[in-house]
Amino acid sequence: MSTADFAAERLLFTPAVSDPTAVPVIFAFPNTYSVGITSLGYQIVWATLAQRHDLQTSRLFTDAHESLPTQPELVGFSVSWELDYVNILALLEQLQVPLLAAERQAAQPLVFGGGPVLTANPEPFADFFDVILLGEGETLLDQFIDAYQSVRTADRHTQLVRLAQVPGVYVPSLYAVTYVGSDGPVQAIQAIAAVPAQVQKQTYRGDVLSASKVVTEKAAWENIYMVEVVRSCPEMCRFCLASYLTLPFRTASLEGSLMPAIERGLSVTKRLGLLGASVTQHPEFDALLDYLNRPEYDDIRLSLASVRTGTVNQKLAATLVKHDTRSITIAVESGSERLRRIVNKKLQNDEIIAAAVNAKAGGLSAIKLYGMVGIPGEEATDLDETVEMMKTLKKAAPGLRLTLGCSTFVPKAHTPFQWFGVSPEAEKRLKLLQKQLRSRGIDFRPESYSWSVVQALILGAIAAYLNCCCGCVTMASR
Amino acid sequence: MRHYGESLGSYRRAFKELKDQLPPLAFYVYQDWQPQQVLPWEHIQGPLPKTTLLKHLAEAIEHFPVEQREARSPLAPPLAAPLFQLK
Ligand code: SF4
């Protein structure tokens, strides 16, 4: 894209006029403009920075940037996908900032990062960041900038030690990780300066959740306005990062947060996305549907993230159809009720059937189910039950387009399954499902198995990876 | 250990060379960990205490097939002496 495309943006906030002494900041998304600007997290952080008089913030994407300062003091990254880290390194190189935090000198910027990937498990990225912001940005970001302002002219070490006092700010270089042997797991992690032994996180307790700060036709979902309906998920499926990492479950107040946000957004666009791990779990979700079904909103296009299976009723289906959405996504994990008990998914097969029947009755033309293979405790017979479930669904809701998307279980930090490994059977089982389902005319979309393994290596419970990969990278700096 | 420069190209090279080491890495991907194992995010406070996560884990394992319960349970006593001493 060309830089002129920033002109297509409609802002829903007013950027501040920077003071003459403002801190020059670059805030980057390590992917294209179109992907980055569609990230609500990126939008929120950018808007927070841009609303401060004491900062002069420019944005940077892999294919676009605003006019960049020659001597930035802070360079930030919003990371929402593990594999984007290659792009982080490329952007740092483009900015001529040393890739390793340990090699940056006094005159060079502090590099900070945040987002779900870093919050879950920052260690694989620790060598590249001076500062990692963990958890929710609401109060953390301003406290981080305020703290930086108070040590702006201090030496780097003093700056880092001060910043690390803010709960939620993690300074990797102030913690030492030791390993067992040369390629063994982590032995110990210890603070090596006057900083907290365990990095605390802040939890936002307000009932106003976030909404888009910018709407643009260049977004990956053209002109979408995003509203966060809930944060976290009360279901606590044992593998689920979206639930466990961001607990407790919080909901946006319908009158105080959702309605005014939606009204604001729909004054500039006709496309609305309701975001959250489990939007239909909002206690007033039904009232929200009533609100969206008002005649003045007849021409809006509504998109939902995946919904809880038990909440797919005809009203929801009809509301979606009325607003230009033809399909719905539910996560069922497996056709085996025993496996669902293992993962704590409180869901019966007849509820899945009811969801498909309701989807069809409400006028939807497709339903996409999400499942997983390699769930700890899985047996070959569990797959038969998944095949059986799909066959039953096909009969129960004839004409409804059925898709089963399927991933491989990968352990995630801070979940009860963080101690489990990836199943070596998983690849074989994906193939088996594919054979069984496709021969019955059911659309089966497996997620790449090797991608899952890479994911496990980067994000998952793989202590040794660090020692090995980042170990040799660190060696380079000595 | 080889000496790498600090350009992106050299990182790519470094990672490429690491491919040769994939077998040992792959081993860790499939491995279950004991709860006493220090995890790479041990120094980061999560929303729930470890004891709660272990309780949820134990509830999950109750539904495992009997023969897998011992073999895959991180909660079962390790069969051999641990490879390393925990803090
Ligand atoms: S219902 Fe979905 S979002 Fe909620 S915990 Fe389970 S998998 Fe996660």
# chains A, B, ... in the order shown; residues from 1 in each chain; ligands from 1

$ interface_residues --of "chain B" --to "chain A" --cutoff "7 Å" --atoms "only C-alpha atoms" --output "PyMOL selection string"
chain B and resi 1+3-6+8+25+28-35+38-41+43-47+53-54+56-57+60-61+63-65+68+74

$ write_last_selection --atoms "N, CA, C and O atoms" --output "short mmCIF file (atom, residue, chain, number, x, y, z; two decimals), in the first residue's frame"
data_model
loop_
_atom_site.label_atom_id
_atom_site.label_comp_id
_atom_site.auth_asym_id
_atom_site.auth_seq_id
_atom_site.Cartn_x
_atom_site.Cartn_y
_atom_site.Cartn_z
N MET B 1 30.18 -23.22 19.73
CA MET B 1 29.05 -22.53 19.08
C MET B 1 29.58 -21.56 18.03
O MET B 1 30.54 -20.85 18.28
N HIS B 3 29.93 -18.35 15.59
CA HIS B 3 29.71 -16.93 15.84
C HIS B 3 28.85 -16.36 14.71
O HIS B 3 29.17 -16.48 13.54
N TYR B 4 27.73 -15.76 15.09
CA TYR B 4 26.87 -15.16 14.09
C TYR B 4 26.94 -13.65 14.20
O TYR B 4 27.05 -13.12 15.31
N GLY B 5 26.84 -13.00 13.09
CA GLY B 5 26.77 -11.54 13.10
C GLY B 5 25.40 -11.15 13.62
O GLY B 5 24.65 -11.98 14.11
N GLU B 6 25.03 -9.90 13.52
CA GLU B 6 23.74 -9.54 14.09
C GLU B 6 22.75 -9.10 13.03
O GLU B 6 21.78 -8.43 13.32
N LEU B 8 19.80 -9.70 10.12
CA LEU B 8 18.66 -10.60 10.02
C LEU B 8 19.06 -11.85 9.23
O LEU B 8 18.69 -12.95 9.58
N LEU B 25 14.68 -31.28 19.74
CA LEU B 25 13.62 -30.31 20.02
C LEU B 25 12.27 -30.99 19.96
O LEU B 25 11.41 -30.79 20.81
N TYR B 28 11.02 -32.57 22.99
CA TYR B 28 10.40 -31.73 24.02
C TYR B 28 8.96 -31.35 23.69
O TYR B 28 8.16 -31.11 24.58
N VAL B 29 8.64 -31.32 22.41
CA VAL B 29 7.27 -30.98 22.02
C VAL B 29 6.31 -32.04 22.52
O VAL B 29 5.20 -31.73 22.95
N TYR B 30 6.74 -33.31 22.50
CA TYR B 30 5.84 -34.41 22.85
C TYR B 30 5.86 -34.75 24.34
O TYR B 30 5.05 -35.51 24.83
N GLN B 31 6.80 -34.20 25.03
CA GLN B 31 7.04 -34.57 26.42
C GLN B 31 6.02 -33.96 27.38
O GLN B 31 5.66 -32.80 27.26
N ASP B 32 5.54 -34.76 28.32
CA ASP B 32 4.75 -34.20 29.43
C ASP B 32 5.72 -33.76 30.51
O ASP B 32 6.77 -34.37 30.71
N TRP B 33 5.37 -32.69 31.22
CA TRP B 33 6.25 -32.20 32.28
C TRP B 33 5.68 -32.55 33.65
O TRP B 33 4.47 -32.62 33.82
N GLN B 34 6.58 -32.72 34.60
CA GLN B 34 6.17 -32.86 35.99
C GLN B 34 5.79 -31.48 36.51
O GLN B 34 6.37 -30.48 36.08
N PRO B 35 4.84 -31.44 37.45
CA PRO B 35 4.43 -30.12 37.96
C PRO B 35 5.57 -29.36 38.64
O PRO B 35 5.53 -28.14 38.72
N VAL B 38 10.31 -26.31 36.40
CA VAL B 38 10.23 -24.86 36.27
C VAL B 38 9.86 -24.55 34.83
O VAL B 38 10.58 -24.90 33.90
N LEU B 39 8.72 -23.94 34.63
CA LEU B 39 8.28 -23.60 33.27
C LEU B 39 8.85 -22.24 32.89
O LEU B 39 9.15 -21.42 33.76
N PRO B 40 8.98 -21.99 31.58
CA PRO B 40 9.65 -20.73 31.17
C PRO B 40 8.89 -19.47 31.58
O PRO B 40 9.41 -18.38 31.48
N TRP B 41 7.65 -19.62 32.03
CA TRP B 41 6.88 -18.44 32.44
C TRP B 41 6.63 -18.45 33.95
O TRP B 41 5.72 -17.81 34.46
N HIS B 43 8.12 -17.07 36.30
CA HIS B 43 8.31 -15.78 36.97
C HIS B 43 7.26 -14.76 36.57
O HIS B 43 7.37 -13.59 36.93
N ILE B 44 6.26 -15.19 35.81
CA ILE B 44 5.20 -14.29 35.41
C ILE B 44 3.93 -14.73 36.14
O ILE B 44 3.52 -15.88 36.01
N GLN B 45 3.34 -13.82 36.87
CA GLN B 45 2.13 -14.18 37.59
C GLN B 45 0.97 -14.41 36.62
O GLN B 45 0.66 -13.57 35.79
N GLY B 46 0.36 -15.59 36.70
CA GLY B 46 -0.81 -15.86 35.88
C GLY B 46 -2.06 -15.49 36.66
O GLY B 46 -1.99 -15.18 37.84
N PRO B 47 -3.23 -15.54 35.99
CA PRO B 47 -4.47 -15.18 36.69
C PRO B 47 -4.81 -16.13 37.84
O PRO B 47 -5.40 -15.71 38.82
N LEU B 53 -4.55 -24.55 39.04
CA LEU B 53 -4.34 -25.19 37.73
C LEU B 53 -4.14 -26.69 37.92
O LEU B 53 -4.66 -27.50 37.15
N LEU B 54 -3.40 -27.06 38.96
CA LEU B 54 -3.15 -28.49 39.19
C LEU B 54 -4.43 -29.21 39.59
O LEU B 54 -4.66 -30.37 39.22
N HIS B 56 -7.44 -28.37 38.54
CA HIS B 56 -8.19 -28.53 37.28
C HIS B 56 -7.59 -29.66 36.44
O HIS B 56 -8.30 -30.41 35.78
N LEU B 57 -6.28 -29.77 36.49
CA LEU B 57 -5.61 -30.83 35.75
C LEU B 57 -6.03 -32.19 36.30
O LEU B 57 -6.36 -33.11 35.55
N ALA B 60 -9.36 -33.23 35.14
CA ALA B 60 -9.34 -33.70 33.75
C ALA B 60 -8.86 -35.14 33.68
O ALA B 60 -9.44 -35.97 32.98
N ILE B 61 -7.83 -35.44 34.44
CA ILE B 61 -7.21 -36.77 34.37
C ILE B 61 -8.16 -37.87 34.87
O ILE B 61 -8.10 -39.01 34.41
N HIS B 63 -10.95 -38.40 33.97
CA HIS B 63 -11.72 -38.93 32.83
C HIS B 63 -10.84 -39.64 31.80
O HIS B 63 -11.33 -40.06 30.76
N PHE B 64 -9.56 -39.76 32.10
CA PHE B 64 -8.66 -40.48 31.20
C PHE B 64 -8.99 -41.97 31.23
O PHE B 64 -9.43 -42.49 32.26
N PRO B 65 -8.71 -42.70 30.13
CA PRO B 65 -8.78 -44.15 30.19
C PRO B 65 -7.77 -44.64 31.24
O PRO B 65 -6.69 -44.05 31.37
N GLN B 68 -4.11 -44.92 30.59
CA GLN B 68 -3.37 -43.68 30.30
C GLN B 68 -3.18 -42.83 31.56
O GLN B 68 -2.37 -41.92 31.59
N PRO B 74 0.91 -36.03 34.77
CA PRO B 74 2.04 -35.33 35.36
C PRO B 74 1.97 -35.40 36.89
O PRO B 74 2.92 -35.07 37.57
#

$ residues_near_ligand --ligand "ligand 1" --cutoff "9 Å" --atoms "only C-alpha atoms and all ligand atoms" --output "PyMOL selection string"
chain A and resi 232-244+276-278+306-309+330-333+343-346

$ select_by_dssp --residues "region 249-398 of chain A" --states "alpha helix (DSSP H)" --output "MDAnalysis selection string"
chainID A and resid 259:266 285:292 314:322 337:342 349:361 380:396

$ select_by_dssp --residues "region 274-456 of chain A" --states "strand (DSSP E or B)" --output "MDAnalysis selection string"
chainID A and resid 274:275 301:304 307 327:333 366:373 401:408 443:446

$ residues_around --residues "Leu11 (chain A)" --least-positions-apart "2" --cutoff "6 Å" --atoms "only C-alpha atoms" --output "ChimeraX atom specification"
/A:13,213-214

$ write_last_selection --atoms "N, CA, C and O atoms" --output "mmCIF file, in the first residue's frame"
data_model
loop_
_atom_site.group_PDB
_atom_site.id
_atom_site.type_symbol
_atom_site.label_atom_id
_atom_site.label_comp_id
_atom_site.auth_asym_id
_atom_site.auth_seq_id
_atom_site.Cartn_x
_atom_site.Cartn_y
_atom_site.Cartn_z
ATOM 1 N N PHE A 13 -11.246 9.190 17.502
ATOM 2 C CA PHE A 13 -10.656 9.878 18.659
ATOM 3 C C PHE A 13 -9.871 11.050 18.101
ATOM 4 O O PHE A 13 -9.635 11.132 16.893
ATOM 5 N N LYS A 213 -10.917 2.415 17.260
ATOM 6 C CA LYS A 213 -10.558 3.827 17.266
ATOM 7 C C LYS A 213 -10.394 4.333 15.841
ATOM 8 O O LYS A 213 -10.179 5.507 15.609
ATOM 9 N N VAL A 214 -10.409 3.416 14.900
ATOM 10 C CA VAL A 214 -10.251 3.811 13.502
ATOM 11 C C VAL A 214 -11.007 2.821 12.610
ATOM 12 O O VAL A 214 -11.046 1.621 12.884
#

$ atom_distance --atom1 "CA of Lys394 (chain A)" --atom2 "CA of Arg326 (chain A)"
17.6 Å

$ atom_distance --atom1 "CA of Phe27 (chain A)" --atom2 "CA of Gln165 (chain A)"
22.6 Å

$ atom_distance --atom1 "CA of Ala107 (chain A)" --atom2 "CA of Pro15 (chain A)"
27.4 Å

$ residues_around --residues "Leu289 (chain A)" --least-positions-apart "5" --cutoff "9 Å" --atoms "only C-alpha atoms" --output "mmCIF file with C-alpha atoms, in the first residue's frame"
data_model
loop_
_atom_site.group_PDB
_atom_site.id
_atom_site.type_symbol
_atom_site.label_atom_id
_atom_site.label_comp_id
_atom_site.auth_asym_id
_atom_site.auth_seq_id
_atom_site.Cartn_x
_atom_site.Cartn_y
_atom_site.Cartn_z
ATOM 1 C CA GLU A 284 -27.634 -9.259 28.346
ATOM 2 C CA ARG A 294 -34.042 -2.025 15.569
ATOM 3 C CA LYS A 315 -33.293 -15.620 17.258
ATOM 4 C CA LEU A 316 -29.514 -15.409 17.011
ATOM 5 C CA THR A 319 -30.513 -11.784 13.547
#
